>>> print(open('structure_13.cif').read())   # mmCIF, C-alpha atoms and all ligand atoms
data_model
loop_
_atom_site.label_atom_id
_atom_site.label_comp_id
_atom_site.auth_asym_id
_atom_site.auth_seq_id
_atom_site.Cartn_x
_atom_site.Cartn_y
_atom_site.Cartn_z
CA MET A 1 -35.28 4.50 -24.25
CA THR A 2 -32.01 4.19 -26.18
CA GLU A 3 -29.41 1.62 -25.24
CA LEU A 4 -28.42 2.22 -21.64
CA ARG A 5 -24.73 2.55 -20.83
CA VAL A 6 -22.85 2.58 -17.54
CA VAL A 7 -20.41 5.48 -17.26
CA ASP A 8 -18.06 7.15 -14.80
CA VAL A 9 -19.98 10.14 -13.49
CA THR A 10 -18.36 13.49 -14.29
CA GLU A 11 -18.44 16.71 -12.28
CA GLU A 12 -20.98 18.16 -14.75
CA GLN A 13 -23.35 15.25 -14.11
CA LEU A 14 -23.44 15.65 -10.32
CA ASP A 15 -26.52 17.92 -10.44
CA SER A 16 -28.39 15.15 -12.26
CA VAL A 17 -27.25 12.63 -9.64
CA TRP A 18 -28.59 14.97 -6.94
CA GLN A 19 -31.94 15.14 -8.73
CA VAL A 20 -32.24 11.35 -8.81
CA ARG A 21 -31.14 11.22 -5.16
CA ILE A 22 -33.88 13.52 -3.87
CA ARG A 23 -36.43 11.56 -5.90
CA SER A 24 -35.08 8.40 -4.25
CA PHE A 25 -34.25 9.30 -0.65
CA GLY A 26 -36.44 12.37 -0.08
CA PRO A 27 -35.52 16.01 0.42
CA GLY A 28 -32.96 17.23 2.91
CA GLY A 29 -29.22 17.30 3.18
CA ASP A 30 -26.89 20.04 2.09
CA ARG A 31 -26.50 20.00 -1.69
CA ASP A 32 -23.17 21.87 -1.70
CA GLU A 33 -21.73 19.70 1.05
CA TRP A 34 -22.86 16.57 -0.81
CA LYS A 35 -21.35 17.85 -4.07
CA LYS A 36 -18.04 18.69 -2.42
CA ASN A 37 -17.85 15.18 -1.02
CA ALA A 38 -18.96 13.62 -4.33
CA LEU A 39 -16.12 15.33 -6.21
CA GLN A 40 -13.62 13.07 -4.49
CA PHE A 41 -15.57 10.06 -5.77
CA VAL A 42 -15.53 11.55 -9.28
CA ALA A 43 -11.77 12.10 -9.11
CA ASP A 44 -11.16 8.48 -8.05
CA GLN A 45 -13.68 6.93 -10.48
CA ARG A 46 -15.70 5.62 -7.58
CA ILE A 47 -19.08 6.97 -8.73
CA LEU A 48 -20.86 5.20 -11.57
CA GLY A 49 -23.96 6.27 -13.45
CA VAL A 50 -26.31 4.93 -16.09
CA MET A 51 -27.06 7.06 -19.16
CA ASP A 52 -30.06 6.91 -21.47
CA GLY A 53 -28.81 9.04 -24.34
CA ALA A 54 -27.80 12.32 -22.69
CA ASP A 55 -29.81 11.71 -19.52
CA LEU A 56 -28.32 10.34 -16.31
CA VAL A 57 -30.91 7.95 -14.88
CA ALA A 58 -29.09 6.09 -12.10
CA ALA A 59 -26.00 6.32 -9.89
CA ALA A 60 -24.04 4.50 -7.17
CA ARG A 61 -20.79 5.12 -5.40
CA ILE A 62 -18.05 3.12 -3.73
CA TRP A 63 -16.38 4.16 -0.46
CA PRO A 64 -12.70 3.19 -0.09
CA PHE A 65 -12.96 1.46 3.27
CA GLU A 66 -11.05 -1.16 5.15
CA GLN A 67 -12.96 -3.53 7.39
CA TRP A 68 -11.80 -5.59 10.37
CA TRP A 69 -12.23 -9.32 9.98
CA SER A 70 -11.16 -11.37 13.00
CA GLY A 71 -8.64 -8.71 13.97
CA ARG A 72 -7.13 -8.02 10.53
CA ARG A 73 -7.81 -5.20 8.10
CA VAL A 74 -9.29 -6.13 4.72
CA PRO A 75 -9.86 -3.51 1.96
CA MET A 76 -13.60 -3.20 1.31
CA GLY A 77 -15.64 -1.25 -1.23
CA GLY A 78 -18.63 0.22 0.62
CA VAL A 79 -21.48 0.64 -1.87
CA ALA A 80 -23.82 3.55 -1.16
CA GLY A 81 -26.21 5.99 -2.79
CA VAL A 82 -27.66 3.37 -5.15
CA VAL A 83 -30.45 5.25 -6.94
CA VAL A 84 -32.49 4.76 -10.08
CA ALA A 85 -34.84 7.47 -11.41
CA PRO A 86 -38.46 6.48 -10.65
CA GLU A 87 -39.47 6.24 -14.31
CA TYR A 88 -36.63 3.75 -14.98
CA ARG A 89 -37.21 1.39 -12.03
CA GLY A 90 -38.26 -2.24 -12.33
CA ARG A 91 -36.59 -2.90 -15.67
CA GLY A 92 -33.10 -4.01 -14.67
CA VAL A 93 -31.31 -0.63 -14.51
CA GLY A 94 -30.23 -1.10 -10.88
CA SER A 95 -28.92 -4.58 -11.67
CA LEU A 96 -27.07 -3.38 -14.78
CA MET A 97 -25.34 -0.69 -12.74
CA MET A 98 -24.55 -2.92 -9.76
CA ARG A 99 -22.83 -5.45 -12.06
CA ASP A 100 -20.42 -2.70 -13.08
CA VAL A 101 -20.05 -1.63 -9.46
CA LEU A 102 -18.85 -5.17 -8.67
CA LYS A 103 -16.41 -5.04 -11.58
CA ARG A 104 -15.12 -1.67 -10.40
CA CYS A 105 -14.61 -3.04 -6.87
CA ALA A 106 -12.50 -5.80 -8.44
CA GLU A 107 -10.51 -3.30 -10.53
CA LYS A 108 -9.89 -1.15 -7.45
CA GLY A 109 -8.54 -4.19 -5.60
CA TYR A 110 -11.23 -4.56 -2.93
CA PRO A 111 -11.51 -8.27 -2.07
CA LEU A 112 -14.77 -7.44 -0.25
CA THR A 113 -17.76 -5.21 -0.78
CA ALA A 114 -20.50 -4.39 1.72
CA LEU A 115 -23.66 -2.28 1.84
CA TYR A 116 -26.74 -1.44 3.87
CA PRO A 117 -29.68 -2.69 1.74
CA ALA A 118 -32.92 -0.74 1.43
CA THR A 119 -34.22 -3.82 -0.38
CA THR A 120 -32.42 -7.15 -0.26
CA VAL A 121 -33.75 -8.56 -3.56
CA LEU A 122 -31.50 -6.59 -5.90
CA TYR A 123 -28.36 -7.34 -3.89
CA ARG A 124 -29.09 -11.01 -3.23
CA HIS A 125 -29.47 -11.58 -6.96
CA LEU A 126 -25.93 -10.24 -7.26
CA GLY A 127 -24.43 -12.40 -4.52
CA TYR A 128 -24.60 -10.21 -1.39
CA GLU A 129 -25.83 -11.76 1.87
CA PHE A 130 -26.46 -10.57 5.43
CA ALA A 131 -23.25 -10.56 7.40
CA GLY A 132 -23.70 -8.32 10.42
CA GLY A 133 -25.52 -5.43 12.02
CA ARG A 134 -25.15 -1.91 13.27
CA TYR A 135 -26.40 -2.03 16.86
CA LYS A 136 -27.73 1.00 18.67
CA PHE A 137 -28.20 0.51 22.42
CA SER A 138 -29.71 3.02 24.84
CA PHE A 139 -28.50 3.47 28.41
CA GLN A 140 -29.71 5.64 31.25
CA ALA A 141 -27.36 8.64 31.35
CA ALA A 142 -27.53 8.66 35.17
CA ASP A 143 -26.26 5.08 35.22
CA LEU A 144 -23.21 6.00 33.16
CA ARG A 145 -22.49 9.13 35.21
CA THR A 146 -21.75 7.05 38.28
CA LEU A 147 -19.39 4.58 36.59
CA GLY A 148 -16.38 6.27 38.19
CA GLY A 149 -12.90 6.26 36.72
CA THR A 150 -12.31 9.67 38.27
CA GLY A 151 -8.61 8.92 38.76
CA THR A 152 -8.12 8.71 34.97
CA ALA A 153 -7.03 11.81 33.06
CA VAL A 154 -9.42 12.61 30.21
CA ARG A 155 -8.75 15.54 27.89
CA LYS A 156 -10.61 17.23 25.06
CA ALA A 157 -9.32 15.99 21.71
CA GLY A 158 -9.21 17.52 18.25
CA VAL A 159 -8.15 17.01 14.69
CA ASP A 160 -4.45 16.66 15.66
CA ASP A 161 -5.35 13.51 17.56
CA ALA A 162 -6.65 11.63 14.47
CA ASP A 163 -3.57 9.38 14.31
CA ARG A 164 -3.84 8.51 17.99
CA PHE A 165 -7.52 7.61 17.55
CA LEU A 166 -6.68 5.32 14.65
CA GLU A 167 -3.86 3.72 16.61
CA LEU A 168 -6.03 3.04 19.68
CA ALA A 169 -8.92 1.68 17.60
CA SER A 170 -6.53 -0.59 15.66
CA LYS A 171 -5.03 -1.96 18.85
CA ALA A 172 -8.45 -2.67 20.38
CA HIS A 173 -9.85 -4.36 17.25
CA ALA A 174 -6.72 -6.50 16.81
CA VAL A 175 -6.79 -7.65 20.46
CA ARG A 176 -10.55 -8.29 20.44
CA ARG A 177 -10.35 -9.93 17.01
CA SER A 178 -13.23 -7.70 15.90
CA SER A 179 -15.16 -8.42 12.74
CA GLY A 180 -17.07 -5.72 10.92
CA PRO A 181 -15.95 -2.26 12.09
CA LEU A 182 -14.89 0.12 9.32
CA ILE A 183 -11.73 2.12 8.91
CA TRP A 184 -12.70 5.38 7.21
CA PRO A 185 -10.46 7.37 4.90
CA ARG A 186 -8.36 9.73 7.02
CA SER A 187 -9.90 12.84 5.40
CA GLU A 188 -13.33 11.77 6.69
CA ILE A 189 -12.04 11.26 10.22
CA GLU A 190 -10.45 14.72 10.17
CA ALA A 191 -13.63 16.34 8.83
CA TRP A 192 -15.59 14.65 11.60
CA LEU A 193 -13.20 15.87 14.28
CA LYS A 194 -13.28 19.42 12.86
CA ASP A 195 -17.07 19.59 13.14
CA GLU A 196 -17.90 21.54 16.31
CA ASP A 197 -21.10 19.52 16.80
CA ASN A 198 -19.01 16.42 17.55
CA PHE A 199 -17.21 16.00 20.87
CA ALA A 200 -14.06 13.94 21.29
CA TYR A 201 -12.16 13.03 24.46
CA LEU A 202 -8.93 11.15 24.85
CA ALA A 203 -7.40 9.16 27.71
CA GLU A 204 -4.05 7.36 27.83
CA ASP A 205 -5.50 4.16 26.35
CA GLY A 206 -8.88 5.13 24.94
CA PHE A 207 -11.15 7.71 23.40
CA VAL A 208 -14.81 8.58 22.99
CA VAL A 209 -16.58 10.50 20.24
CA TYR A 210 -20.18 11.59 20.73
CA SER A 211 -22.74 14.25 19.89
CA TRP A 212 -26.23 15.48 20.73
CA SER A 213 -29.14 13.66 19.17
CA ASP A 214 -32.65 15.08 19.62
CA GLY A 215 -32.01 16.09 23.25
CA ASP A 216 -30.22 12.83 24.05
CA LEU A 217 -26.54 12.05 23.68
CA SER A 218 -25.23 9.59 21.13
CA VAL A 219 -21.88 7.79 21.31
CA ASP A 220 -20.41 7.04 17.88
CA GLU A 221 -17.41 5.15 19.18
CA LEU A 222 -15.80 4.45 22.51
CA ILE A 223 -12.57 2.51 22.76
CA ALA A 224 -11.03 1.69 26.12
CA GLY A 225 -7.95 -0.42 26.81
CA SER A 226 -8.64 -0.77 30.54
CA GLU A 227 -11.50 -0.83 33.00
CA GLU A 228 -10.54 2.54 34.52
CA THR A 229 -10.57 4.20 31.11
CA ALA A 230 -13.88 2.58 30.15
CA ARG A 231 -15.43 3.88 33.36
CA ALA A 232 -13.92 7.36 32.93
CA LEU A 233 -15.02 7.79 29.29
CA TRP A 234 -18.57 6.49 29.75
CA ALA A 235 -18.88 8.67 32.88
CA THR A 236 -17.73 11.69 30.85
CA VAL A 237 -20.67 11.17 28.48
CA GLY A 238 -23.01 10.33 31.39
CA SER A 239 -22.09 13.59 33.09
CA GLY A 240 -24.66 15.15 30.76
CA SER A 241 -27.46 13.40 32.67
CA SER A 242 -28.92 16.65 34.06
CA ILE A 243 -30.01 17.53 30.50
CA ALA A 244 -29.99 14.21 28.61
CA THR A 245 -31.81 11.29 30.22
CA THR A 246 -30.64 8.76 27.65
CA VAL A 247 -27.29 7.96 26.06
CA HIS A 248 -27.57 6.07 22.79
CA ALA A 249 -24.48 4.13 21.85
CA TYR A 250 -23.34 2.40 18.69
CA CYS A 251 -21.29 -0.50 19.98
CA ALA A 252 -20.80 -4.25 19.74
CA PRO A 253 -23.28 -6.57 21.43
CA SER A 254 -20.17 -7.82 23.29
CA ASP A 255 -18.89 -4.36 24.29
CA PRO A 256 -17.66 -4.19 27.92
CA ILE A 257 -20.26 -1.49 28.71
CA HIS A 258 -22.93 -4.21 28.81
CA LEU A 259 -21.00 -5.79 31.67
CA LEU A 260 -20.17 -2.54 33.45
CA ALA A 261 -23.46 -0.60 33.44
CA GLU A 262 -25.64 -1.42 36.43
CA HIS A 263 -28.86 -1.56 34.43
CA GLU A 264 -29.01 -3.35 31.10
CA ALA A 265 -29.46 -1.36 27.92
CA GLN A 266 -33.12 -0.59 27.22
CA GLY A 267 -34.89 -3.43 25.46
CA ASP A 268 -35.33 -1.62 22.15
CA ALA A 269 -31.84 -2.03 20.68
CA ARG A 270 -32.01 -1.04 17.02
CA ILE A 271 -30.25 -3.11 14.41
CA ASN A 272 -29.52 -2.08 10.83
CA ARG A 273 -28.30 -5.11 9.00
CA TRP A 274 -25.58 -4.96 6.34
CA MET A 275 -24.69 -7.33 3.56
CA LEU A 276 -21.32 -8.60 2.37
CA ARG A 277 -19.93 -10.05 -0.84
CA LEU A 278 -16.55 -11.56 -1.68
CA VAL A 279 -15.21 -9.91 -4.83
CA ASP A 280 -11.93 -11.83 -4.91
CA ALA A 281 -12.31 -15.03 -2.89
CA PRO A 282 -8.58 -16.01 -2.65
CA ALA A 283 -7.58 -12.46 -1.61
CA ALA A 284 -10.48 -12.09 0.86
CA LEU A 285 -9.68 -15.39 2.57
CA ALA A 286 -5.94 -14.64 2.69
CA ALA A 287 -6.39 -11.15 4.15
CA ARG A 288 -8.67 -11.84 7.12
CA GLY A 289 -7.68 -13.10 10.55
CA TYR A 290 -8.48 -16.52 12.02
CA PRO A 291 -8.65 -17.93 15.54
CA GLU A 292 -5.26 -18.69 17.07
CA GLY A 293 -4.15 -22.25 16.25
CA ALA A 294 -7.02 -22.92 13.81
CA VAL A 295 -6.25 -25.40 11.02
CA LEU A 296 -8.35 -26.40 8.03
CA GLU A 297 -8.04 -28.50 4.88
CA VAL A 298 -11.21 -28.43 2.80
CA ASP A 299 -12.24 -28.79 -0.84
CA LEU A 300 -14.65 -26.13 -2.05
CA ARG A 301 -16.75 -25.80 -5.17
CA ILE A 302 -17.71 -22.19 -5.72
CA ASP A 303 -20.20 -21.12 -8.41
CA ASP A 304 -20.30 -17.36 -8.82
CA PRO A 305 -22.25 -16.34 -11.93
CA GLU A 306 -21.47 -12.61 -11.56
CA LEU A 307 -17.74 -12.89 -10.88
CA PRO A 308 -16.44 -15.94 -12.82
CA THR A 309 -12.92 -15.62 -11.37
CA ASN A 310 -14.37 -16.94 -8.11
CA THR A 311 -15.96 -19.90 -9.86
CA GLY A 312 -14.19 -23.25 -9.79
CA ASP A 313 -12.88 -26.16 -7.74
CA TRP A 314 -10.67 -24.94 -4.93
CA HIS A 315 -8.76 -26.22 -1.93
CA LEU A 316 -8.74 -24.02 1.18
CA SER A 317 -5.96 -24.60 3.67
CA LEU A 318 -5.33 -22.73 6.89
CA ALA A 319 -2.28 -23.06 9.12
CA ASP A 320 -0.29 -20.64 11.28
CA GLY A 321 -2.93 -17.95 10.83
CA ALA A 322 -2.54 -17.88 7.01
CA ALA A 323 -5.23 -19.12 4.61
CA GLN A 324 -4.69 -20.09 0.99
CA LEU A 325 -7.40 -20.77 -1.57
CA LYS A 326 -5.85 -22.60 -4.50
CA PRO A 327 -7.33 -24.15 -7.66
CA ALA A 328 -7.82 -27.91 -7.20
CA ASP A 329 -9.22 -30.99 -8.94
CA PRO A 330 -12.97 -31.52 -8.62
CA SER A 331 -13.85 -33.48 -5.46
CA ALA A 332 -17.02 -35.44 -4.68
CA ASP A 333 -16.67 -34.34 -1.02
CA ALA A 334 -16.37 -30.64 -1.78
CA VAL A 335 -18.41 -28.11 0.18
CA ARG A 336 -20.53 -26.35 -2.47
CA LEU A 337 -21.26 -22.64 -2.17
CA GLY A 338 -22.52 -19.73 -4.24
CA PRO A 339 -21.50 -16.14 -3.49
CA ARG A 340 -24.23 -15.65 -0.87
CA GLY A 341 -23.22 -18.76 1.05
CA LEU A 342 -19.56 -17.81 0.79
CA ALA A 343 -20.24 -14.31 2.17
CA ALA A 344 -22.36 -15.61 5.03
CA LEU A 345 -19.77 -18.28 5.90
CA TYR A 346 -16.98 -15.64 5.83
CA ALA A 347 -19.05 -13.63 8.32
CA GLY A 348 -19.35 -16.60 10.68
CA THR A 349 -22.83 -17.95 9.90
CA PRO A 350 -22.81 -21.59 11.10
CA PRO A 351 -22.75 -24.17 8.26
CA ALA A 352 -25.87 -25.83 9.73
CA THR A 353 -27.76 -22.54 9.23
CA LEU A 354 -26.46 -22.16 5.68
CA ARG A 355 -27.58 -25.69 4.79
CA VAL A 356 -31.13 -25.07 6.01
CA ALA A 357 -31.22 -21.91 3.87
CA SER A 358 -29.88 -23.84 0.83
CA LEU A 359 -26.75 -21.71 0.75
CA MET A 360 -24.35 -24.63 1.32
CA ALA A 361 -24.34 -28.27 0.18
CA GLY A 362 -22.01 -31.27 0.24
CA GLY A 363 -19.03 -32.04 2.47
CA GLU A 364 -21.07 -32.20 5.70
CA ASP A 365 -18.12 -33.74 7.59
CA GLN A 366 -16.35 -30.39 7.37
CA ASP A 367 -19.03 -28.45 9.29
CA PRO A 368 -17.38 -28.52 12.74
CA ALA A 369 -14.03 -27.42 11.27
CA LEU A 370 -15.63 -24.60 9.22
CA ASP A 371 -17.54 -23.49 12.30
CA ALA A 372 -14.36 -23.35 14.37
CA VAL A 373 -12.50 -21.37 11.72
CA PHE A 374 -15.12 -18.81 10.69
CA GLY A 375 -17.34 -18.64 13.79
CA GLY A 376 -16.65 -16.21 16.60
CA GLY A 377 -17.80 -12.78 17.66
CA THR A 378 -20.85 -11.20 16.03
CA PRO A 379 -19.79 -8.94 13.12
CA TYR A 380 -20.87 -5.35 13.72
CA MET A 381 -20.38 -1.89 12.26
CA LEU A 382 -20.51 1.37 14.16
CA ASP A 383 -21.24 3.58 11.17
CA TYR A 384 -23.82 3.95 8.48
CA PHE A 385 -22.69 4.93 4.98
C1 LIG B 401 -33.88 -0.07 -5.23
C2 LIG B 401 -33.63 0.44 -6.64
C3 LIG B 401 -32.17 0.94 -6.73
C4 LIG B 401 -33.81 -0.75 -7.59
O1 LIG B 401 -33.53 -0.36 -8.93
P1 LIG B 401 -34.26 -1.06 -10.16
O2 LIG B 401 -33.63 -0.56 -11.41
O3 LIG B 401 -35.72 -0.92 -10.04
O4 LIG B 401 -33.84 -2.58 -9.90
P2 LIG B 401 -33.94 -3.81 -10.94
O5 LIG B 401 -35.02 -3.52 -11.95
O6 LIG B 401 -32.59 -4.10 -11.45
O7 LIG B 401 -34.44 -4.95 -9.97
C5 LIG B 401 -33.62 -6.01 -9.54
C6 LIG B 401 -34.45 -6.91 -8.65
O8 LIG B 401 -34.78 -6.21 -7.45
C7 LIG B 401 -36.18 -6.20 -7.26
N1 LIG B 401 -36.56 -4.91 -6.68
C8 LIG B 401 -36.29 -3.69 -7.15
N2 LIG B 401 -36.81 -2.76 -6.34
C9 LIG B 401 -37.43 -3.41 -5.34
C10 LIG B 401 -38.17 -3.01 -4.20
N3 LIG B 401 -38.36 -1.72 -3.92
N4 LIG B 401 -38.67 -3.96 -3.39
C11 LIG B 401 -38.47 -5.27 -3.65
N5 LIG B 401 -37.76 -5.72 -4.73
C12 LIG B 401 -37.27 -4.80 -5.55
C13 LIG B 401 -36.77 -6.38 -8.64
O9 LIG B 401 -38.05 -6.93 -8.58
C14 LIG B 401 -35.77 -7.33 -9.26
O10 LIG B 401 -36.00 -8.64 -8.82
P3 LIG B 401 -36.54 -9.76 -9.86
O11 LIG B 401 -35.48 -9.84 -10.92
O12 LIG B 401 -36.65 -10.98 -9.01
O13 LIG B 401 -37.85 -9.23 -10.35
C15 LIG B 401 -34.62 1.56 -7.05
O14 LIG B 401 -35.91 1.10 -6.83
C16 LIG B 401 -34.45 2.85 -6.27
O15 LIG B 401 -33.71 3.75 -6.69
N6 LIG B 401 -35.15 2.97 -5.14
C17 LIG B 401 -35.09 4.15 -4.27
C18 LIG B 401 -33.74 4.29 -3.59
C19 LIG B 401 -33.25 3.02 -2.91
O16 LIG B 401 -33.99 2.38 -2.18
N7 LIG B 401 -32.00 2.66 -3.16
C20 LIG B 401 -31.38 1.49 -2.59
C21 LIG B 401 -30.49 1.90 -1.51
S1 LIG B 401 -29.67 0.52 -0.80
#
>>> encode(input="structure_13.cif", output="structure tokens")
Amino acid sequence: MTELRVVDVTEEQLDSVWQVRIRSFGPGGDRDEWKKNALQFVADQRILGVMDGADLVAAARIWPFEQWWSGRRVPMGGVAGVVVAPEYRGRGVGSLMMRDVLKRCAEKGYPLTALYPATTVLYRHLGYEFAGGRYKFSFQAADLRTLGGTGTAVRKAGVDDADRFLELASKAHAVRRSSGPLIWPRSEIEAWLKDEDNFAYLAEDGFVVYSWSDGDLSVDELIAGSEETARALWATVGSGSSIATTVHAYCAPSDPIHLLAEHEAQGDARINRWMLRLVDAPAALAARGYPEGAVLEVDLRIDDPELPTNTGDWHLSLADGAAQLKPADPSADAVRLGPRGLAALYAGTPPATLRVASLMAGGEDQDPALDAVFGGGTPYMLDYF
């Protein structure tokens, strides 16, 4: 092994990345489709690799997402496809690469980064912590079919409706003060809508996108601005009940469907948990939303060994919906956090929980105020990446 170096992956190296991928994730997938998609990451310097001499031995990429946090959009680098060749594992290659991934997220101006971990160890060492889940609920199709809403006009939608979808989703997430859902690059939304295996329907104040899944139906997203529209869109999917007995749905644990459907979702809800990390603490705290009327004045001591610009004595103030994290003098009463505690707090984990897990120390008097400011709805994502 020569000295390993982290590089920007080039078009010529994509075949090597594919080789490491199938050794890591198993066979399957369309190589040409994957390559076409990967070229965009190459062009934007959002795919990194590790070289041993002339051999590419690891790779990872960064999706240019935005993520809703308490009803406001925050740019987020979604890390995916983290792979190390089997013969190079267990000797720090993944960590070496992920350190540069974090630096690249900072250079690209993402205050946040998130990922779905296959193993938490690697990412925890680098400051990521659990922040939310992707929830898959299963409903009886027949139950949804009879939800009604027949007076609401629902029409088939297509790629020309992409803007309207984005508009309706934005409105719903702002009003509900959602935390977690992703905003995909527009090109991805268009590609999804162009795919004839996906079905999209639009009403005046809502939409649904769904597809077949092993003989069942699967809702990727359903947004409704009113009860009538919620009933009409869920009933549109449920109308498939003569063929599909079950409708799976990716939605929030607090989605109105749980209150509308006569029978509760089957008891086997599946959760894929995702992890979050603050790349730029002042920017991440300034960009997110906060509960109406919330105020906060707190001294923080952050120690972030991977991203030293986050490290230091800070004062966090919140008023009129705007938060500012500013350098401050050291304080004996400061709330002390590392990057994992900071990420979990940002995602609404109660301070009492963080203290038991040794992710927060000092400044106990501030717990109720921190709870009120960061607590709220459960963060969720609808999509895997
Ligand atoms: C997961 C993977 C990327 C790790 O790469 P790596 O180069 O072996 O990681 P490192 O050597 O830098 O290990 C960093 C830490 O993670 C731990 N770790 C690595 N792989 C692990 C695993 N499969 N299970 C538990 N811990 C693991 C290491 O023990 C090390 O912790 P330590 O410092 O406390 O010993 C690599 O095993 C891989 O490609 N796996 C298959 C694909 C995959 O799962 N990718 C992750 C997708 S999110």
>>> atom_distance(input="structure_13.cif", atom1="atom CA of Arg124 of chain A", atom2="atom CA of Phe137 of chain A")
28.1 Å
>>> closest_atom_pairs(input="structure_13.cif", of="segment 234-322 of chain A", to="segment 77-99 of chain A", cutoff="12 Å", atoms="all atoms listed in the file", output="tab-separated table")
residue	atom	partner	partner_atom	distance
A:Trp274	CA	A:Gly78	CA	10.4
A:Met275	CA	A:Gly78	CA	10.1
A:Leu276	CA	A:Gly78	CA	9.4
A:Arg277	CA	A:Gly77	CA	9.8
A:Leu278	CA	A:Gly77	CA	10.4
A:Val279	CA	A:Gly77	CA	9.4
A:Asp280	CA	A:Gly77	CA	11.8
A:Pro305	CA	A:Arg99	CA	10.9
A:Glu306	CA	A:Arg99	CA	7.3
A:Leu307	CA	A:Arg99	CA	9.1
>>> axis_aligned_box(input="structure_13.cif", around="segment 66-77 of chain A", padding_each_side="4 Å", output="AutoDock Vina command-line options")
--center_x -11.4 --center_y -6.3 --center_z 6.4 --size_x 16.5 --size_y 18.2 --size_z 23.2
>>> closest_residue(input="structure_13.cif", among="A:Met51, A:Val101, A:Leu122, A:Ile62", to="ligand LIG 401 (chain B)", atoms="only C-alpha atoms and all ligand atoms")
A:Leu122
>>> atom_distance(input="structure_13.cif", atom1="atom CA of Asp383 of chain A", atom2="atom CA of Arg134 of chain A")
7.1 Å
>>> closest_residue(input="structure_13.cif", among="A:Lys156, A:Arg23, A:Asp161, A:Glu188", to="Gln40 of chain A", atoms="all atoms listed in the file")
A:Glu188
>>> closest_residue(input="structure_13.cif", among="A:Leu112, A:Val356, A:Ala162, A:Cys105", to="Ala191 of chain A", atoms="all atoms listed in the file")
A:Ala162
>>> closest_residue(input="structure_13.cif", among="A:Gly293, A:Gly151, A:Pro185, A:Gly180", to="Pro64 of chain A", atoms="all atoms listed in the file")
A:Pro185
>>> residues_near_point(input="structure_13.cif", point="(-19.2, -13.5, 8.1)", cutoff="12 Å", atoms="all atoms listed in the file", output="JSON, numbers by chain")
{"A": [67, 68, 69, 70, 112, 114, 128, 129, 130, 131, 132, 133, 178, 179, 180, 274, 275, 276, 277, 278, 284, 285, 288, 289, 290, 340, 341, 342, 343, 344, 345, 346, 347, 348, 349, 350, 351, 354, 370, 371, 373, 374, 375, 376, 377, 378, 379, 380]}
>>> atom_distance(input="structure_13.cif", atom1="atom CA of Trp314 of chain A", atom2="atom CA of Ala174 of chain A")
28.8 Å
>>> closest_residue(input="structure_13.cif", among="A:Leu4, A:Ala118, A:Ala153, A:Ala43", to="ligand LIG 401 (chain B)", atoms="all atoms listed in the file")
A:Ala118
>>> residues_around(input="structure_13.cif", residues="segment 140-146 of chain A", least_positions_apart="2", cutoff="7 Å", atoms="all atoms listed in the file", output="JSON list (two decimals) with C-alpha atoms, in the coordinates of the input")
[["chain", "number", "residue", "atom", "x", "y", "z"],
["A", 138, "SER", "CA", -29.71, 3.02, 24.84],
["A", 148, "GLY", "CA", -16.38, 6.27, 38.19],
["A", 234, "TRP", "CA", -18.57, 6.49, 29.75],
["A", 235, "ALA", "CA", -18.88, 8.67, 32.88],
["A", 236, "THR", "CA", -17.73, 11.69, 30.85],
["A", 238, "GLY", "CA", -23.01, 10.33, 31.39],
["A", 239, "SER", "CA", -22.09, 13.59, 33.09],
["A", 241, "SER", "CA", -27.46, 13.40, 32.67],
["A", 244, "ALA", "CA", -29.99, 14.21, 28.61],
["A", 245, "THR", "CA", -31.81, 11.29, 30.22],
["A", 246, "THR", "CA", -30.64, 8.76, 27.65],
["A", 247, "VAL", "CA", -27.29, 7.96, 26.06],
["A", 261, "ALA", "CA", -23.46, -0.60, 33.44],
["A", 262, "GLU", "CA", -25.64, -1.42, 36.43]]
>>> closest_residue(input="structure_13.cif", among="A:Gly206, A:Gly363, A:Pro111, A:Gly26", to="ligand LIG 401 (chain B)", atoms="all atoms listed in the file")
A:Gly26
>>> residues_around(input="structure_13.cif", residues="Leu222 of chain A", least_positions_apart="4", cutoff="12 Å", atoms="all atoms listed in the file", output="JSON, numbers by chain")
{"A": [165, 168, 169, 172, 173, 199, 200, 201, 202, 203, 205, 206, 207, 208, 209, 210, 218, 226, 229, 230, 231, 232, 233, 234, 235, 236, 237, 248, 249, 250, 251, 252, 255, 256, 257, 382]}
>>> residues_around(input="structure_13.cif", residues="segment 328-330 of chain A", least_positions_apart="5", cutoff="9 Å", atoms="only C-alpha atoms", output="PDB file with C-alpha atoms, keeping the file's coordinate frame")
ATOM      1  CA  ASP A 299     -12.240 -28.790  -0.840  1.00  0.00           C
ATOM      2  CA  LEU A 300     -14.650 -26.130  -2.050  1.00  0.00           C
ATOM      3  CA  ARG A 301     -16.750 -25.800  -5.170  1.00  0.00           C
ATOM      4  CA  GLY A 312     -14.190 -23.250  -9.790  1.00  0.00           C
ATOM      5  CA  ASP A 313     -12.880 -26.160  -7.740  1.00  0.00           C
ATOM      6  CA  TRP A 314     -10.670 -24.940  -4.930  1.00  0.00           C
ATOM      7  CA  HIS A 315      -8.760 -26.220  -1.930  1.00  0.00           C
TER       8      HIS A 315
END
>>> residues_around(input="structure_13.cif", residues="Trp18 of chain A", least_positions_apart="4", cutoff="8 Å", atoms="all atoms listed in the file", output="NGL selection string")
:A and (14 or 22 or 31)
